[in-house]
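S.K.: I'd like to ask some things about the structure below.
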Amino acid sequence: MLTVYEGFRDRRAQRARETLNAITERVTPEHLAARLERSEELDAVFGLALSAAANSASAAKRRTLGAVVARAVLDDAMIDEAALRTTALSQIDAPHVRCLEDIHRIQKAVEDAGERPRAAAGAERENNQRILDVARRYPTPVLLALTNVGLLDATPSWDGQADRVRGLTVFGEAVLSDLHQYATELGPDAT
């Protein structure tokens, strides 16, 4: 059992190291250490990012977490944004990302075909049956998790079903874009 645990521990540590490496590609270890020591908020974001990375099978997510933290290390104004993105990323993994991708794909198709006009910033978007049909392919816990972290524009009904799914939020589109960017850097097999 000790051998099994040690293997697990080593693989988990390697996943966290991937995120740390993604951070130190952008900032020096010395600068990182100094910034973490001076900012308790940044230190908490860093800790959450490493923990989320260690528990994720997604290389793109681990790289995205590293990039998010690095941006906050380089710019204090990005700490709040990093906290939000890191929290959202810590709550999702492959099933959630697949759902985001599918809904985003059909949302774009619906808007490009003129079936639903693009909504002005801050305006409520119209419901669309095609988007709802795609969303209903996913289990309710996936939809609720995405809604709860602010990535999906959806309203759950009284029984917990996400019966009004309008698409990704602006925040959801930004997080999905980051995940795609770092998956592209990793190559076609990245998840």
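So you can find residues: chains in the structure tokens are A, B, ... in the order shown, residues in each start at 1, and ligands are numbered from 1 in order.
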Need the shell around A:Glu173: protein/DNA/RNA residues with any atom at most 9 Å away, counting only C-alpha atoms. Skip same-chain ones fewer than 3 positions apart. Format as a list in words?
M.R.: Leu100, His104, Leu151, Leu152, Leu168, Thr169, Val170, Leu176, Ser177 and Asp178 of chain A
S.K.: Mind writing the picked residues with N, CA, C and O atoms as a PDB file, in the first residue's frame?
M.R.:
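Resulting contents of result33.pdb:
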```
ATOM      1  N   LEU A 100     -19.152  23.209 -21.611  1.00  0.00           N
ATOM      2  CA  LEU A 100     -18.923  24.593 -22.039  1.00  0.00           C
ATOM      3  C   LEU A 100     -18.655  24.662 -23.538  1.00  0.00           C
ATOM      4  O   LEU A 100     -19.195  25.521 -24.238  1.00  0.00           O
ATOM      5  N   HIS A 104     -21.054  26.510 -26.119  1.00  0.00           N
ATOM      6  CA  HIS A 104     -20.455  27.652 -26.816  1.00  0.00           C
ATOM      7  C   HIS A 104     -20.540  27.463 -28.334  1.00  0.00           C
ATOM      8  O   HIS A 104     -20.863  28.402 -29.071  1.00  0.00           O
ATOM      9  N   LEU A 151     -19.858  30.684 -15.033  1.00  0.00           N
ATOM     10  CA  LEU A 151     -19.425  30.411 -16.396  1.00  0.00           C
ATOM     11  C   LEU A 151     -20.594  30.221 -17.363  1.00  0.00           C
ATOM     12  O   LEU A 151     -20.433  30.383 -18.566  1.00  0.00           O
ATOM     13  N   LEU A 152     -21.748  29.875 -16.837  1.00  0.00           N
ATOM     14  CA  LEU A 152     -22.911  29.560 -17.663  1.00  0.00           C
ATOM     15  C   LEU A 152     -24.074  30.446 -17.261  1.00  0.00           C
ATOM     16  O   LEU A 152     -24.356  30.621 -16.070  1.00  0.00           O
ATOM     17  N   LEU A 168     -22.964  30.746 -22.589  1.00  0.00           N
ATOM     18  CA  LEU A 168     -21.882  31.074 -21.683  1.00  0.00           C
ATOM     19  C   LEU A 168     -21.957  32.546 -21.294  1.00  0.00           C
ATOM     20  O   LEU A 168     -22.407  33.382 -22.071  1.00  0.00           O
ATOM     21  N   THR A 169     -21.492  32.843 -20.097  1.00  0.00           N
ATOM     22  CA  THR A 169     -21.351  34.235 -19.685  1.00  0.00           C
ATOM     23  C   THR A 169     -20.089  34.790 -20.347  1.00  0.00           C
ATOM     24  O   THR A 169     -19.280  34.030 -20.913  1.00  0.00           O
ATOM     25  N   VAL A 170     -19.901  36.087 -20.265  1.00  0.00           N
ATOM     26  CA  VAL A 170     -18.663  36.690 -20.774  1.00  0.00           C
ATOM     27  C   VAL A 170     -17.472  36.086 -20.032  1.00  0.00           C
ATOM     28  O   VAL A 170     -16.448  35.762 -20.636  1.00  0.00           O
ATOM     29  N   LEU A 176     -12.993  29.752 -21.049  1.00  0.00           N
ATOM     30  CA  LEU A 176     -12.898  28.749 -22.117  1.00  0.00           C
ATOM     31  C   LEU A 176     -11.821  29.135 -23.121  1.00  0.00           C
ATOM     32  O   LEU A 176     -11.053  28.282 -23.585  1.00  0.00           O
ATOM     33  N   SER A 177     -11.720  30.406 -23.449  1.00  0.00           N
ATOM     34  CA  SER A 177     -10.678  30.881 -24.363  1.00  0.00           C
ATOM     35  C   SER A 177      -9.283  30.600 -23.804  1.00  0.00           C
ATOM     36  O   SER A 177      -8.396  30.145 -24.528  1.00  0.00           O
ATOM     37  N   ASP A 178      -9.091  30.863 -22.511  1.00  0.00           N
ATOM     38  CA  ASP A 178      -7.802  30.553 -21.875  1.00  0.00           C
ATOM     39  C   ASP A 178      -7.502  29.060 -21.957  1.00  0.00           C
ATOM     40  O   ASP A 178      -6.383  28.658 -22.288  1.00  0.00           O
TER      41      ASP A 178
END
```
S.K.: Could you list, as a list in words, every residue within 12 Å of A:Leu74, counting only C-alpha atoms and ignoring same-chain residues fewer than 5 positions away?
M.R.: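 My list of contacting residues is Ile23, Thr24, Arg26, Val27, Thr28, His31, Leu32, Ala34, Arg35, Leu36, Leu42, Ala67, Val68, Val69, Ile79 and Ala82 of chain A.
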S.K.: So the first atom is atom CA of A:Thr155 and the second is atom CA of A:Gly167; what is the distance between them in Å, to one decimal place?
M.R.: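 Those two atoms sit 10.9 Å apart.
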S.K.: Give me the residues near A:Asp80 as a list of chain:residue names, where near means some atom within 10 Å (using only C-alpha atoms) and where sequence neighbours in that chain fewer than 6 positions away do not count.
M.R.: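 In the requested format, the answer is A:Glu41, A:Leu42, A:Val45, A:Ala72, A:Thr86.
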S.K.: Can you write just those residues out, N, CA and C atoms, as a PDB file, in the first residue's frame?
M.R.:
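In the end it all went to result.pdb:
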```
ATOM      1  N   GLU A  41      -3.408  37.672  -0.184  1.00  0.00           N
ATOM      2  CA  GLU A  41      -4.417  37.319  -1.195  1.00  0.00           C
ATOM      3  C   GLU A  41      -3.784  36.541  -2.339  1.00  0.00           C
ATOM      4  N   LEU A  42      -2.647  37.014  -2.816  1.00  0.00           N
ATOM      5  CA  LEU A  42      -1.959  36.326  -3.907  1.00  0.00           C
ATOM      6  C   LEU A  42      -1.484  34.952  -3.462  1.00  0.00           C
ATOM      7  N   VAL A  45      -4.386  32.601  -3.637  1.00  0.00           N
ATOM      8  CA  VAL A  45      -4.669  32.239  -5.027  1.00  0.00           C
ATOM      9  C   VAL A  45      -3.654  31.194  -5.507  1.00  0.00           C
ATOM     10  N   ALA A  72      -1.280  37.674 -12.159  1.00  0.00           N
ATOM     11  CA  ALA A  72      -1.505  38.351 -10.883  1.00  0.00           C
ATOM     12  C   ALA A  72      -0.188  38.693 -10.191  1.00  0.00           C
ATOM     13  N   THR A  86      -9.299  31.324 -10.709  1.00  0.00           N
ATOM     14  CA  THR A  86      -8.752  30.151 -10.032  1.00  0.00           C
ATOM     15  C   THR A  86      -9.856  29.397  -9.290  1.00  0.00           C
TER      16      THR A  86
END
```
S.K.: Name the residues in contact with stretch 110-116 of chain A at a cut-off of 8 Å, using only C-alpha atoms, excluding same-chain residues fewer than 4 positions from it; report them as a list of chain:residue names.
M.R.: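 That gives A:Ile106, A:Glu126, A:Asn128, A:Arg130, A:Ile131.
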S.K.: Pick out the closest residue to A:Gly66 from this set: A:Ser90, A:Asn21, A:Ser39, A:Ser51. Count only C-alpha atoms.
M.R.: A:Asn21
S.K.: Figure out the distance between atom CA of A:Thr19 and atom CA of A:Tyr182, please, to one decimal in Å.
M.R.: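 The value is 11.7 Å.
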S.K.: So which residues touch A:Leu20 within 10 Å, counting only C-alpha atoms, skipping near sequence neighbours fewer than 2 positions away, as an MDAnalysis selection string?
M.R.: chainID A and resid 14:18 22:25 29 46 49:50 53 62:63 65:67 69:70
S.K.: Could you dump the residues just selected with C-alpha atoms as a PDB file, in the first residue's frame?
M.R.:
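Dumped everything to out08.pdb:
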```pdb
ATOM      1  CA  GLN A  14       4.090  16.381 -10.656  1.00  0.00           C
ATOM      2  CA  ARG A  15       0.736  17.843 -11.679  1.00  0.00           C
ATOM      3  CA  ALA A  16       1.214  20.715  -9.192  1.00  0.00           C
ATOM      4  CA  ARG A  17       4.771  21.211 -10.514  1.00  0.00           C
ATOM      5  CA  GLU A  18       3.387  21.667 -14.035  1.00  0.00           C
ATOM      6  CA  ALA A  22       3.898  27.513 -16.045  1.00  0.00           C
ATOM      7  CA  ILE A  23       4.176  30.342 -13.509  1.00  0.00           C
ATOM      8  CA  THR A  24       7.976  30.412 -13.489  1.00  0.00           C
ATOM      9  CA  GLU A  25       8.059  30.507 -17.303  1.00  0.00           C
ATOM     10  CA  PRO A  29      11.163  32.108  -8.729  1.00  0.00           C
ATOM     11  CA  PHE A  46      -1.308  30.497  -5.560  1.00  0.00           C
ATOM     12  CA  ALA A  49      -4.085  26.994  -8.052  1.00  0.00           C
ATOM     13  CA  LEU A  50      -1.528  24.375  -6.997  1.00  0.00           C
ATOM     14  CA  ALA A  53      -3.731  21.520 -10.502  1.00  0.00           C
ATOM     15  CA  ARG A  62      -2.922  23.170 -15.126  1.00  0.00           C
ATOM     16  CA  ARG A  63      -1.245  25.510 -17.656  1.00  0.00           C
ATOM     17  CA  LEU A  65      -3.925  28.068 -13.713  1.00  0.00           C
ATOM     18  CA  GLY A  66      -0.215  28.876 -14.028  1.00  0.00           C
ATOM     19  CA  ALA A  67      -0.856  31.681 -16.506  1.00  0.00           C
ATOM     20  CA  VAL A  69      -1.368  33.233 -11.265  1.00  0.00           C
ATOM     21  CA  ALA A  70       1.559  34.650 -13.247  1.00  0.00           C
TER      22      ALA A  70
END
```
S.K.: Between atom CA of A:Val4 and atom CA of A:Gln91, what is the distance in Å, rounded to a tenth?
M.R.: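 Value for the atom CA of A:Val4-atom CA of A:Gln91 distance: 26.4 Å.
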S.K.: Mind checking DSSP for stretch 26-173 of chain A and telling me the helix (DSSP H, G or I) residues as a PyMOL selection string?
M.R.: chain A and resi 29-38+40-54+59-74+76-90+94-112+129-135+140-148+170-173
S.K.: Using DSSP on the backbone, list every residue of chain A that comes out as strand (DSSP E), and give them as a list in words.
M.R.: Leu152, Asp153, Ala154, Thr155, Pro156, Ala162, Asp163, Arg164, Val165, Arg166, Gly167 and Leu168 of chain A
S.K.: Taking 3 positions as the minimum chain separation for residues in the same chain, which residues sit within 9 Å of A:Leu89 when counting only C-alpha atoms? Answer as a list in words.
M.R.: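 Listing them by chain and then by number gives Ala49, Ala52, Lys61, Thr64, Leu65, Leu84, Arg85, Thr86, Ile92, Asp93, Val149 and Val175 of chain A.
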S.K.: Now that the selection is made, can you save its residues with N, CA and C atoms as a PDB file, in the first residue's frame?
M.R.:
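Output below, filename result29.pdb:
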```pdb
ATOM      1  N   ALA A  49      -4.479  27.423  -6.701  1.00  0.00           N
ATOM      2  CA  ALA A  49      -4.085  26.994  -8.052  1.00  0.00           C
ATOM      3  C   ALA A  49      -3.287  25.694  -8.000  1.00  0.00           C
ATOM      4  N   ALA A  52      -5.673  22.847  -7.018  1.00  0.00           N
ATOM      5  CA  ALA A  52      -6.556  22.493  -8.138  1.00  0.00           C
ATOM      6  C   ALA A  52      -5.781  21.749  -9.222  1.00  0.00           C
ATOM      7  N   LYS A  61      -5.822  22.811 -18.153  1.00  0.00           N
ATOM      8  CA  LYS A  61      -6.251  23.489 -16.929  1.00  0.00           C
ATOM      9  C   LYS A  61      -5.046  23.825 -16.059  1.00  0.00           C
ATOM     10  N   THR A  64      -3.330  26.748 -17.647  1.00  0.00           N
ATOM     11  CA  THR A  64      -4.156  27.946 -17.497  1.00  0.00           C
ATOM     12  C   THR A  64      -4.033  28.494 -16.083  1.00  0.00           C
ATOM     13  N   LEU A  65      -4.087  27.621 -15.097  1.00  0.00           N
ATOM     14  CA  LEU A  65      -3.925  28.068 -13.713  1.00  0.00           C
ATOM     15  C   LEU A  65      -2.584  28.777 -13.524  1.00  0.00           C
ATOM     16  N   LEU A  84     -10.962  34.938  -8.903  1.00  0.00           N
ATOM     17  CA  LEU A  84     -12.203  34.464  -9.509  1.00  0.00           C
ATOM     18  C   LEU A  84     -11.955  33.314 -10.488  1.00  0.00           C
ATOM     19  N   ARG A  85     -10.951  33.500 -11.352  1.00  0.00           N
ATOM     20  CA  ARG A  85     -10.668  32.455 -12.353  1.00  0.00           C
ATOM     21  C   ARG A  85     -10.157  31.176 -11.698  1.00  0.00           C
ATOM     22  N   THR A  86      -9.299  31.324 -10.709  1.00  0.00           N
ATOM     23  CA  THR A  86      -8.752  30.151 -10.032  1.00  0.00           C
ATOM     24  C   THR A  86      -9.856  29.397  -9.290  1.00  0.00           C
ATOM     25  N   ILE A  92     -14.158  22.997 -11.732  1.00  0.00           N
ATOM     26  CA  ILE A  92     -14.540  22.303 -12.969  1.00  0.00           C
ATOM     27  C   ILE A  92     -13.416  21.404 -13.451  1.00  0.00           C
ATOM     28  N   ASP A  93     -13.786  20.437 -14.265  1.00  0.00           N
ATOM     29  CA  ASP A  93     -12.790  19.596 -14.914  1.00  0.00           C
ATOM     30  C   ASP A  93     -13.351  19.142 -16.259  1.00  0.00           C
ATOM     31  N   VAL A 149     -20.370  28.916 -10.586  1.00  0.00           N
ATOM     32  CA  VAL A 149     -19.078  29.616 -10.648  1.00  0.00           C
ATOM     33  C   VAL A 149     -19.086  30.733 -11.685  1.00  0.00           C
ATOM     34  N   VAL A 175     -12.779  32.252 -19.776  1.00  0.00           N
ATOM     35  CA  VAL A 175     -12.131  31.074 -19.182  1.00  0.00           C
ATOM     36  C   VAL A 175     -11.970  29.983 -20.239  1.00  0.00           C
TER      37      VAL A 175
END
```
S.K.: Quick one: of A:Asp153, A:Asp10, A:Asp102, A:Glu30, who's nearest to A:Ala54, counting only C-alpha atoms?
M.R.: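 So, comparing all the options, the nearest one is A:Asp10.
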